[in-house]
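Visitor: Here you go, this is work_24.cif (mmCIF, C-alpha atoms).
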```cif
data_work
loop_
_atom_site.label_atom_id
_atom_site.label_comp_id
_atom_site.auth_asym_id
_atom_site.auth_seq_id
_atom_site.Cartn_x
_atom_site.Cartn_y
_atom_site.Cartn_z
CA MET A 1 0.00 0.00 0.00
CA THR A 2 2.74 2.48 1.06
CA LYS A 3 4.79 1.40 -1.97
CA ASN A 4 1.87 2.01 -4.34
CA LEU A 5 1.24 5.41 -2.78
CA LYS A 6 4.92 6.31 -3.17
CA TYR A 7 4.91 5.25 -6.85
CA SER A 8 1.70 7.23 -7.47
CA LEU A 9 3.24 10.31 -5.88
CA ILE A 10 6.40 10.01 -8.01
CA LEU A 11 4.36 9.66 -11.22
CA PHE A 12 2.06 12.49 -10.14
CA SER A 13 5.05 14.77 -9.48
CA ILE A 14 6.60 13.99 -12.88
CA CYS A 15 3.24 14.63 -14.60
CA ALA A 16 2.74 17.90 -12.70
CA VAL A 17 6.20 19.23 -13.67
CA CYS A 18 5.61 18.18 -17.31
CA ALA A 19 2.17 19.84 -17.35
CA PHE A 20 3.69 23.05 -16.01
CA ALA A 21 6.46 22.99 -18.66
CA LEU A 22 3.85 22.44 -21.39
CA ALA A 23 1.62 25.24 -20.10
CA LEU A 24 4.58 27.61 -20.00
CA THR A 25 5.66 26.73 -23.57
CA ASN A 26 2.06 27.02 -24.78
CA SER A 27 1.67 30.49 -23.26
CA VAL A 28 4.71 31.63 -25.28
CA THR A 29 3.98 29.85 -28.58
CA ALA A 30 0.14 29.98 -28.85
CA PRO A 31 -0.16 33.73 -29.68
CA VAL A 32 2.65 33.39 -32.28
CA ILE A 33 0.90 30.38 -33.88
CA VAL A 34 -2.48 32.20 -34.01
CA GLN A 35 -0.81 35.22 -35.63
CA LEU A 36 1.03 33.00 -38.14
CA ASP A 37 -2.21 31.19 -39.09
CA LEU A 38 -3.97 34.51 -39.62
CA GLU A 39 -1.12 35.86 -41.79
CA LYS A 40 -1.04 32.60 -43.76
CA LYS A 41 -4.79 32.78 -44.40
CA ASN A 42 -4.68 36.45 -45.46
CA LYS A 43 -1.74 35.72 -47.77
CA ALA A 44 -3.63 32.78 -49.30
CA LEU A 45 -6.79 34.90 -49.80
CA GLU A 46 -4.68 37.58 -51.49
CA ALA A 47 -3.00 34.95 -53.69
CA VAL A 48 -6.23 33.29 -54.87
CA SER A 49 -8.26 36.50 -55.29
CA ALA A 50 -7.18 36.74 -58.95
CA GLY A 51 -6.83 40.53 -58.70
CA TYR A 52 -10.42 41.10 -57.54
CA THR A 53 -11.43 42.81 -54.30
CA PHE A 54 -12.55 40.39 -51.62
CA GLY A 55 -15.20 41.16 -49.01
CA GLU A 56 -16.19 39.76 -45.63
CA GLN A 57 -16.16 36.07 -44.76
CA GLU A 58 -19.62 34.43 -44.50
CA MET A 59 -19.86 31.06 -42.73
CA VAL A 60 -21.55 28.17 -44.56
CA GLU A 61 -23.44 25.58 -42.50
CA GLY A 62 -24.40 22.02 -43.45
CA ASN A 63 -21.93 21.49 -46.31
CA LYS A 64 -19.43 18.64 -45.93
CA TYR A 65 -16.67 20.45 -47.83
CA VAL A 66 -17.49 24.19 -47.90
CA THR A 67 -16.94 26.08 -44.61
CA TYR A 68 -17.17 29.74 -45.67
CA SER A 69 -17.44 31.95 -48.72
CA ILE A 70 -16.21 35.44 -49.60
CA ASP A 71 -17.48 37.62 -52.45
CA LEU A 72 -15.03 38.64 -55.17
CA THR A 73 -15.94 41.98 -56.72
CA GLU A 74 -14.66 44.45 -59.29
CA ASN A 75 -16.11 47.99 -59.28
CA ASN A 76 -18.85 46.71 -56.94
CA GLU A 77 -19.85 44.06 -59.47
CA LEU A 78 -19.83 40.44 -58.26
CA MET A 79 -17.21 38.49 -60.24
CA GLY A 80 -16.93 35.27 -58.26
CA TYR A 81 -16.27 33.77 -54.85
CA ILE A 82 -13.46 32.60 -52.64
CA VAL A 83 -14.54 29.43 -50.88
CA GLY A 84 -13.01 27.90 -47.73
CA LEU A 85 -12.82 24.12 -48.14
CA GLN A 86 -12.06 21.12 -45.95
CA SER A 87 -11.46 17.51 -46.88
CA ALA A 88 -10.13 14.29 -45.35
CA GLY A 89 -6.65 13.54 -46.69
CA TYR A 90 -4.28 10.67 -45.94
CA GLY A 91 -2.95 12.39 -42.80
CA GLY A 92 -6.30 13.68 -41.52
CA GLN A 93 -8.23 16.89 -42.08
CA MET A 94 -6.84 19.35 -44.65
CA THR A 95 -8.07 22.90 -45.27
CA LEU A 96 -7.74 24.93 -48.46
CA VAL A 97 -9.05 28.08 -50.12
CA ALA A 98 -10.10 28.28 -53.75
CA SER A 99 -11.48 31.06 -55.92
CA TYR A 100 -14.14 30.52 -58.59
CA ALA A 101 -15.74 32.53 -61.38
CA LEU A 102 -19.54 32.73 -61.26
CA SER A 103 -19.69 29.83 -63.74
CA GLY A 104 -18.00 27.56 -61.16
CA LYS A 105 -14.66 27.62 -63.02
CA MET A 106 -11.78 27.39 -60.55
CA LEU A 107 -9.39 30.34 -60.79
CA ALA A 108 -6.79 29.53 -58.12
CA ALA A 109 -6.41 27.43 -55.00
CA GLN A 110 -4.00 27.02 -52.12
CA LEU A 111 -3.60 24.42 -49.37
CA LEU A 112 -3.60 25.97 -45.89
CA ASN A 113 -3.21 23.22 -43.28
CA HIS A 114 -2.60 19.51 -43.69
CA GLY A 115 -0.95 16.47 -42.14
CA GLU A 116 0.05 14.76 -45.39
CA THR A 117 3.18 12.65 -45.78
CA PRO A 118 6.31 14.74 -46.44
CA GLY A 119 7.59 14.28 -49.98
CA LEU A 120 4.37 12.58 -51.13
CA GLY A 121 0.94 14.03 -50.23
CA ALA A 122 2.57 17.17 -48.81
CA LYS A 123 3.45 18.16 -52.40
CA ALA A 124 -0.15 19.44 -52.56
CA ALA A 125 1.11 22.51 -50.68
CA GLN A 126 3.28 23.49 -53.67
CA ALA A 127 1.83 26.21 -55.90
CA SER A 128 2.27 24.12 -59.09
CA TYR A 129 0.14 21.27 -57.66
CA MET A 130 -3.07 23.29 -58.05
CA ASP A 131 -2.37 23.91 -61.78
CA LYS A 132 -3.96 20.51 -62.45
CA PHE A 133 -7.31 21.92 -61.26
CA LYS A 134 -7.04 25.45 -62.69
CA GLY A 135 -9.77 26.22 -65.25
CA THR A 136 -11.84 23.14 -64.35
CA GLY A 137 -15.33 23.10 -62.83
CA SER A 138 -17.21 24.72 -65.71
CA GLU A 139 -16.71 23.26 -69.22
CA ARG A 140 -14.11 20.77 -67.98
CA ALA A 141 -14.86 18.50 -65.02
CA VAL A 142 -12.69 18.81 -61.90
CA PRO A 143 -10.30 15.80 -61.86
CA THR A 144 -11.08 13.70 -58.78
CA SER A 145 -9.06 10.60 -59.71
CA LYS A 146 -5.68 9.95 -61.33
CA ASP A 147 -7.40 8.44 -64.41
CA MET A 148 -8.69 11.91 -65.32
CA LEU A 149 -5.15 13.34 -65.58
CA SER A 150 -2.57 13.33 -68.36
CA ASP A 151 0.27 10.78 -68.02
CA SER A 152 2.79 13.36 -66.75
CA ASP A 153 0.32 14.83 -64.21
CA ALA A 154 -0.67 11.34 -63.06
CA GLN A 155 3.03 10.54 -62.58
CA SER A 156 3.49 13.65 -60.41
CA VAL A 157 0.77 12.55 -57.94
CA SER A 158 2.01 8.95 -57.91
CA GLY A 159 2.17 7.57 -54.36
CA ALA A 160 -0.28 10.17 -53.06
CA SER A 161 -3.61 9.30 -54.72
CA VAL A 162 -5.62 9.73 -51.50
CA THR A 163 -4.40 13.33 -51.15
CA PHE A 164 -5.12 14.08 -54.81
CA THR A 165 -8.67 12.67 -54.58
CA ALA A 166 -9.31 14.62 -51.35
CA VAL A 167 -8.17 17.91 -52.93
CA GLY A 168 -10.11 17.14 -56.15
CA LYS A 169 -13.35 16.35 -54.30
CA ALA A 170 -13.09 19.54 -52.19
CA ILE A 171 -12.49 21.71 -55.27
CA ASP A 172 -15.35 19.97 -57.09
CA ALA A 173 -17.67 20.59 -54.11
CA GLY A 174 -16.60 24.26 -54.07
CA SER A 175 -17.42 24.55 -57.76
CA ALA A 176 -20.85 22.95 -57.22
CA TYR A 177 -21.51 25.35 -54.32
CA VAL A 178 -20.63 28.40 -56.44
CA LYS A 179 -22.81 27.14 -59.31
CA ALA A 180 -25.70 26.62 -56.87
CA LEU A 181 -25.40 30.27 -55.80
CA GLY A 182 -26.07 31.19 -59.44
CA GLY A 183 -24.22 34.50 -59.20
CA THR A 184 -26.49 35.82 -56.46
CA LYS A 185 -26.80 35.29 -52.74
CA MET B 186 40.66 7.02 -26.65
CA ASN B 187 39.19 8.08 -23.26
CA LYS B 188 35.73 7.02 -22.01
CA GLY B 189 34.09 10.35 -22.88
CA SER B 190 35.27 10.27 -26.50
CA LYS B 191 34.16 6.64 -26.77
CA GLU B 192 30.64 7.48 -25.53
CA LEU B 193 30.44 10.33 -28.02
CA THR B 194 31.80 8.60 -31.13
CA LYS B 195 30.32 5.11 -30.73
CA GLY B 196 27.01 6.30 -32.24
CA PHE B 197 28.63 7.64 -35.41
CA PHE B 198 29.52 4.31 -37.04
CA LYS B 199 30.26 1.44 -34.59
CA GLU B 200 26.80 1.59 -32.96
CA ASN B 201 25.06 3.73 -35.57
CA PRO B 202 21.37 3.75 -34.50
CA ILE B 203 20.04 3.27 -38.05
CA PHE B 204 22.45 0.84 -39.70
CA VAL B 205 23.75 -1.13 -36.71
CA LEU B 206 21.20 -0.87 -33.86
CA MET B 207 18.29 -0.64 -36.37
CA LEU B 208 16.38 1.81 -34.15
CA GLY B 209 13.93 4.52 -35.26
CA LEU B 210 13.47 3.15 -38.77
CA CYS B 211 9.86 4.36 -39.23
CA PRO B 212 10.72 8.09 -39.52
CA VAL B 213 13.88 7.18 -41.46
CA LEU B 214 11.83 5.47 -44.14
CA GLY B 215 9.10 8.12 -43.99
CA VAL B 216 10.91 11.47 -44.08
CA SER B 217 13.97 10.59 -46.15
CA THR B 218 12.35 11.90 -49.35
CA GLN B 219 14.12 15.28 -49.06
CA VAL B 220 17.37 16.44 -47.45
CA SER B 221 15.59 19.33 -45.68
CA ASN B 222 13.18 16.87 -44.00
CA ALA B 223 16.15 14.80 -42.82
CA ILE B 224 17.87 17.85 -41.32
CA GLY B 225 14.64 19.00 -39.58
CA MET B 226 13.92 15.54 -38.21
CA SER B 227 17.51 15.18 -37.01
CA ALA B 228 17.27 18.51 -35.15
CA GLY B 229 14.03 17.37 -33.46
CA VAL B 230 15.55 14.02 -32.45
CA LEU B 231 18.72 15.74 -31.17
CA PHE B 232 16.71 18.06 -28.91
CA VAL B 233 14.42 15.34 -27.54
CA LEU B 234 17.19 12.73 -27.11
CA LEU B 235 19.54 15.18 -25.40
CA PHE B 236 16.99 16.47 -22.88
CA SER B 237 15.34 13.08 -22.25
CA ASN B 238 18.76 11.58 -21.49
CA ILE B 239 19.61 14.49 -19.16
CA ILE B 240 16.27 14.31 -17.29
CA ILE B 241 16.16 10.50 -17.07
CA SER B 242 19.79 10.28 -15.96
CA GLY B 243 19.12 12.98 -13.35
CA LEU B 244 16.07 11.07 -12.05
CA ARG B 245 17.64 7.57 -12.20
CA HIS B 246 17.75 7.23 -8.41
CA VAL B 247 14.22 8.65 -8.02
CA ILE B 248 12.23 6.57 -10.53
CA PRO B 249 11.69 2.98 -9.27
CA PRO B 250 12.18 0.21 -11.90
CA SER B 251 8.52 -0.88 -11.80
CA ILE B 252 7.23 2.51 -13.04
CA HIS B 253 10.16 3.54 -15.24
CA ILE B 254 8.42 3.02 -18.62
CA PRO B 255 5.36 5.28 -17.92
CA ALA B 256 7.68 7.87 -16.33
CA TYR B 257 10.00 7.87 -19.38
CA ILE B 258 7.05 8.09 -21.79
CA VAL B 259 5.63 11.13 -19.95
CA VAL B 260 9.03 12.90 -20.06
CA ILE B 261 9.61 12.04 -23.75
CA ALA B 262 6.04 12.98 -24.79
CA THR B 263 6.42 16.33 -23.00
CA LEU B 264 9.72 17.09 -24.76
CA VAL B 265 8.26 16.13 -28.16
CA THR B 266 5.19 18.33 -27.58
CA ILE B 267 7.45 21.25 -26.58
CA THR B 268 9.54 20.67 -29.74
CA GLU B 269 6.35 20.59 -31.83
CA MET B 270 4.98 23.83 -30.34
CA VAL B 271 8.32 25.67 -30.69
CA MET B 272 8.80 24.49 -34.30
CA HIS B 273 5.18 25.41 -35.18
CA ALA B 274 5.68 28.93 -33.82
CA PHE B 275 9.25 29.73 -34.87
CA VAL B 276 10.16 27.47 -37.83
CA PRO B 277 6.76 26.84 -39.48
CA ALA B 278 8.35 25.66 -42.77
CA VAL B 279 10.16 22.79 -41.02
CA TYR B 280 7.04 22.06 -38.93
CA SER B 281 4.93 21.70 -42.11
CA ALA B 282 7.59 19.63 -43.86
CA LEU B 283 7.87 17.11 -41.01
CA GLY B 284 4.08 16.74 -40.69
CA VAL B 285 2.98 13.63 -38.85
CA TYR B 286 6.55 12.42 -38.20
CA LEU B 287 7.23 15.12 -35.62
CA PRO B 288 4.74 13.83 -33.00
CA LEU B 289 5.88 10.31 -33.86
CA ILE B 290 9.30 11.06 -32.28
CA VAL B 291 7.50 10.03 -29.04
CA VAL B 292 7.54 6.42 -30.22
CA ASN B 293 10.94 6.63 -31.90
CA CYS B 294 12.79 3.65 -30.45
CA ILE B 295 16.09 5.58 -30.27
CA ILE B 296 14.72 7.89 -27.58
CA LEU B 297 13.19 5.22 -25.32
CA GLY B 298 15.99 2.78 -26.19
CA ARG B 299 18.75 5.13 -25.05
CA ALA B 300 16.76 6.16 -21.95
CA GLU B 301 16.33 2.51 -20.97
CA ALA B 302 19.71 1.14 -22.03
CA PHE B 303 21.98 4.04 -21.13
CA ALA B 304 20.64 7.16 -19.37
CA SER B 305 18.92 5.19 -16.58
CA LYS B 306 22.26 3.57 -15.62
CA ASN B 307 24.86 6.30 -16.25
CA THR B 308 25.84 9.79 -15.12
CA ILE B 309 24.43 12.97 -16.67
CA VAL B 310 27.72 13.81 -18.46
CA ASP B 311 27.98 10.33 -20.03
CA SER B 312 24.27 10.49 -20.97
CA ILE B 313 24.81 13.85 -22.71
CA LEU B 314 27.74 12.40 -24.70
CA ASP B 315 25.69 9.30 -25.57
CA ALA B 316 22.73 11.45 -26.72
CA LEU B 317 24.96 13.68 -28.85
CA GLY B 318 26.74 10.70 -30.43
CA MET B 319 23.52 8.81 -31.16
CA ALA B 320 21.77 11.94 -32.51
CA ILE B 321 24.74 12.71 -34.80
CA GLY B 322 24.81 9.06 -35.95
CA PHE B 323 21.06 9.22 -36.62
CA ALA B 324 21.48 12.51 -38.52
CA LEU B 325 24.34 11.09 -40.62
CA GLY B 326 22.37 7.97 -41.54
CA LEU B 327 19.10 9.77 -42.24
CA THR B 328 20.75 12.55 -44.28
CA LEU B 329 22.74 10.00 -46.31
CA ILE B 330 19.57 8.05 -47.21
CA ALA B 331 17.69 11.29 -48.00
CA LEU B 332 20.56 12.60 -50.14
CA ILE B 333 20.74 9.40 -52.22
CA ARG B 334 16.94 9.16 -52.58
CA GLU B 335 16.45 12.79 -53.54
CA LEU B 336 19.46 13.03 -55.85
CA PHE B 337 18.73 9.85 -57.80
CA GLY B 338 14.93 9.90 -57.41
CA SER B 339 14.20 13.55 -58.24
CA GLY B 340 17.52 15.06 -59.37
CA THR B 341 17.31 17.76 -56.71
CA ILE B 342 18.74 18.62 -53.29
CA THR B 343 16.24 20.47 -51.11
CA LEU B 344 17.57 22.69 -48.35
CA PHE B 345 15.80 25.56 -46.55
CA PRO B 346 14.68 28.68 -48.49
CA MET B 347 16.64 31.81 -47.56
CA GLY B 348 16.10 35.22 -49.14
CA ASP B 349 16.13 34.80 -52.94
CA PHE B 350 17.24 31.17 -52.69
CA SER B 351 14.18 28.90 -53.12
CA GLY B 352 15.88 26.07 -51.24
CA VAL B 353 15.82 23.64 -54.18
CA ILE B 354 19.03 22.88 -56.11
CA ASN B 355 18.46 21.13 -59.45
CA ILE B 356 21.34 18.79 -60.28
CA PRO B 357 22.01 18.61 -64.05
CA TRP B 358 21.62 15.16 -65.70
CA PHE B 359 20.07 13.65 -62.55
CA TYR B 360 17.15 16.11 -62.86
CA ASP B 361 16.46 14.97 -66.45
CA ASN B 362 16.98 11.26 -65.73
CA PRO B 363 15.36 10.54 -62.33
CA ILE B 364 14.92 6.98 -61.04
CA ARG B 365 11.41 7.65 -59.73
CA VAL B 366 11.10 4.50 -57.63
CA LEU B 367 13.78 5.81 -55.26
CA SER B 368 11.63 8.77 -54.22
CA LEU B 369 8.66 6.45 -53.56
CA ALA B 370 8.21 4.17 -50.54
CA PRO B 371 9.98 1.10 -52.05
CA GLY B 372 13.01 3.30 -52.74
CA ALA B 373 13.48 3.92 -49.02
CA LEU B 374 13.56 0.18 -48.33
CA LEU B 375 15.94 -0.47 -51.24
CA ILE B 376 18.46 2.19 -50.19
CA MET B 377 18.17 1.18 -46.53
CA GLY B 378 18.88 -2.45 -47.49
CA PHE B 379 21.93 -1.61 -49.63
CA LEU B 380 23.41 0.70 -46.95
CA LYS B 381 22.77 -1.86 -44.19
CA ALA B 382 24.52 -4.52 -46.30
CA PHE B 383 27.46 -2.11 -46.82
CA PHE B 384 27.74 -1.39 -43.06
CA ASP B 385 27.58 -5.14 -42.25
CA TRP B 386 30.25 -5.91 -44.86
CA ASN B 387 32.44 -3.11 -43.53
CA SER B 388 32.17 -4.24 -39.88
CA SER B 389 32.79 -7.93 -40.74
CA ARG B 390 35.85 -6.89 -42.77
CA LYS B 391 37.22 -5.03 -39.74
CA LYS B 392 36.57 -8.05 -37.47
CA ASP B 393 38.47 -10.35 -39.88
CA ARG B 394 41.57 -8.19 -39.72
#
```
Could you show the structure in this file as structure tokens?
Guide:
Amino acid sequence: MTKNLKYSLILFSICAVCAFALALTNSVTAPVIVQLDLEKKNKALEAVSAGYTFGEQEMVEGNKYVTYSIDLTENNELMGYIVGLQSAGYGGQMTLVASYALSGKMLAAQLLNHGETPGLGAKAAQASYMDKFKGTGSERAVPTSKDMLSDSDAQSVSGASVTFTAVGKAIDAGSAYVKALGGTK
Amino acid sequence: MNKGSKELTKGFFKENPIFVLMLGLCPVLGVSTQVSNAIGMSAGVLFVLLFSNIIISGLRHVIPPSIHIPAYIVVIATLVTITEMVMHAFVPAVYSALGVYLPLIVVNCIILGRAEAFASKNTIVDSILDALGMAIGFALGLTLIALIRELFGSGTITLFPMGDFSGVINIPWFYDNPIRVLSLAPGALLIMGFLKAFFDWNSSRKKDR
């Protein structure tokens, strides 16, 4: 009994010191991480806005892939939307932003957060990765499987099909959402 | 060679954690696609191994044998979480590149293996030397595999972007004639196998002398 109590106290002390060290580190790093995430998101919105002015973020409820939308305007005329997307990749939840013309054609996209495998699925974070989807969603269907790509593009996503399908499905869902809006809200 | 130098250098080649002890192979196979990933992972392992060895060696007379594994795991998990938070905040590029492999340092056998086999039985100074030697040996092995895989598999060497430098060096000829399989999962196993065979051949040759 005394031995068990002693062991419990030792483990409790180690856990308490560790919890304190974690809390201290978190208090230093958490504000920096929040600021970095915000800067990253603003940079991504700027990058995918295709030169249009973007407005306020409006939350979208009840859509598996679309989490929010932002109007894209030029001289107060609605030109398209930026859509916040989420999808389940190989390494868990991934979030991205994509911009669309009113027809549902994808203009640009960028991966924000992901847990994909370095060197394989994580290549989706590279700017060139999204070129495979650029211009799709209207006349051309959004590629959601490797079979819909050219040989060289299919080769470049080799070993990371789950990531590619997850990104493709999210972009396709974003296109469908924009088409459903029909140019008006 | 004195004892301190022996503790430090044994991890480089003689007891290299990857090719001789065969410890921590999961992240080795997973992150060795790019040289920058190997360097980032090595830095994470160095930090966690060094501090876990120091703490566990310091507490070796306090932690009873029957609860040593949960105690070590709590210490190691705390150090890994601290590494993860610091990298996320201050080196986000490395944090993103390492992805899921960073939290997996918790279950990297090198860390628990050295805590159990060395730090729990030796002084803090010896444990520091052991951690440094093992971490350098791990870094050498991992970077070598990553260099071979990236050079032959993609024709590039990826370092960290700085100023105008994008971080990616394209190597002529290799870039135009990549052996793609080496950058995929089977490539990691192939290179690992060839290097392990080389290390075994080299150590048996030395024994025969």
Visitor: Give the residues of chain A that lie within 7 Å of chain B; count only C-alpha atoms, and format the answer as a count of residues only.
Guide: 14
Visitor: Would you please work out which residue, of A:Ala124, A:Ala154, A:Ala101, A:Ala108, is nearest to A:Lys179 when using all atoms listed in the file?
Guide: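 Counting all atoms listed in the file, the residue closest to A:Lys179 is A:Ala101.
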Visitor: Please expand the PyMOL selection byres ((chain A and resi 161-172) around 6) into the concrete residues it hits in this file, giving the result as an NGL selection string.
Guide: :A and (65 or 87 or 89-90 or 121 or 142-145 or 160 or 173-175)
Visitor: Return as a short mmCIF file (atom, residue, chain, number, x, y, z; two decimals) with C-alpha atoms, keeping the file's coordinate frame the set of residues that the PyMOL selection byres ((chain A and resi 103) around 10) yields on the displayed structure.
Guide:
```
data_model
loop_
_atom_site.label_atom_id
_atom_site.label_comp_id
_atom_site.auth_asym_id
_atom_site.auth_seq_id
_atom_site.Cartn_x
_atom_site.Cartn_y
_atom_site.Cartn_z
CA MET A 79 -17.21 38.49 -60.24
CA GLY A 80 -16.93 35.27 -58.26
CA TYR A 100 -14.14 30.52 -58.59
CA ALA A 101 -15.74 32.53 -61.38
CA LEU A 102 -19.54 32.73 -61.26
CA GLY A 104 -18.00 27.56 -61.16
CA LYS A 105 -14.66 27.62 -63.02
CA MET A 106 -11.78 27.39 -60.55
CA GLY A 137 -15.33 23.10 -62.83
CA SER A 138 -17.21 24.72 -65.71
CA GLU A 139 -16.71 23.26 -69.22
CA SER A 175 -17.42 24.55 -57.76
CA ALA A 176 -20.85 22.95 -57.22
CA VAL A 178 -20.63 28.40 -56.44
CA LYS A 179 -22.81 27.14 -59.31
CA ALA A 180 -25.70 26.62 -56.87
CA LEU A 181 -25.40 30.27 -55.80
CA GLY A 182 -26.07 31.19 -59.44
CA GLY A 183 -24.22 34.50 -59.20
#
```
Visitor: For a quick check of your reading of the model, name the residues lying within 6 Å of the coordinate (-7.1, 21.5, -41.6), counting only C-alpha atoms, and write them as a list of chain:residue names.
Guide: A:Gln93, A:Met94, A:Thr95, A:Asn113, A:His114
Visitor: Do you have the atom CA of B:Ile354-atom CA of B:Ile342 distance handy?
Guide: 5.1 Å
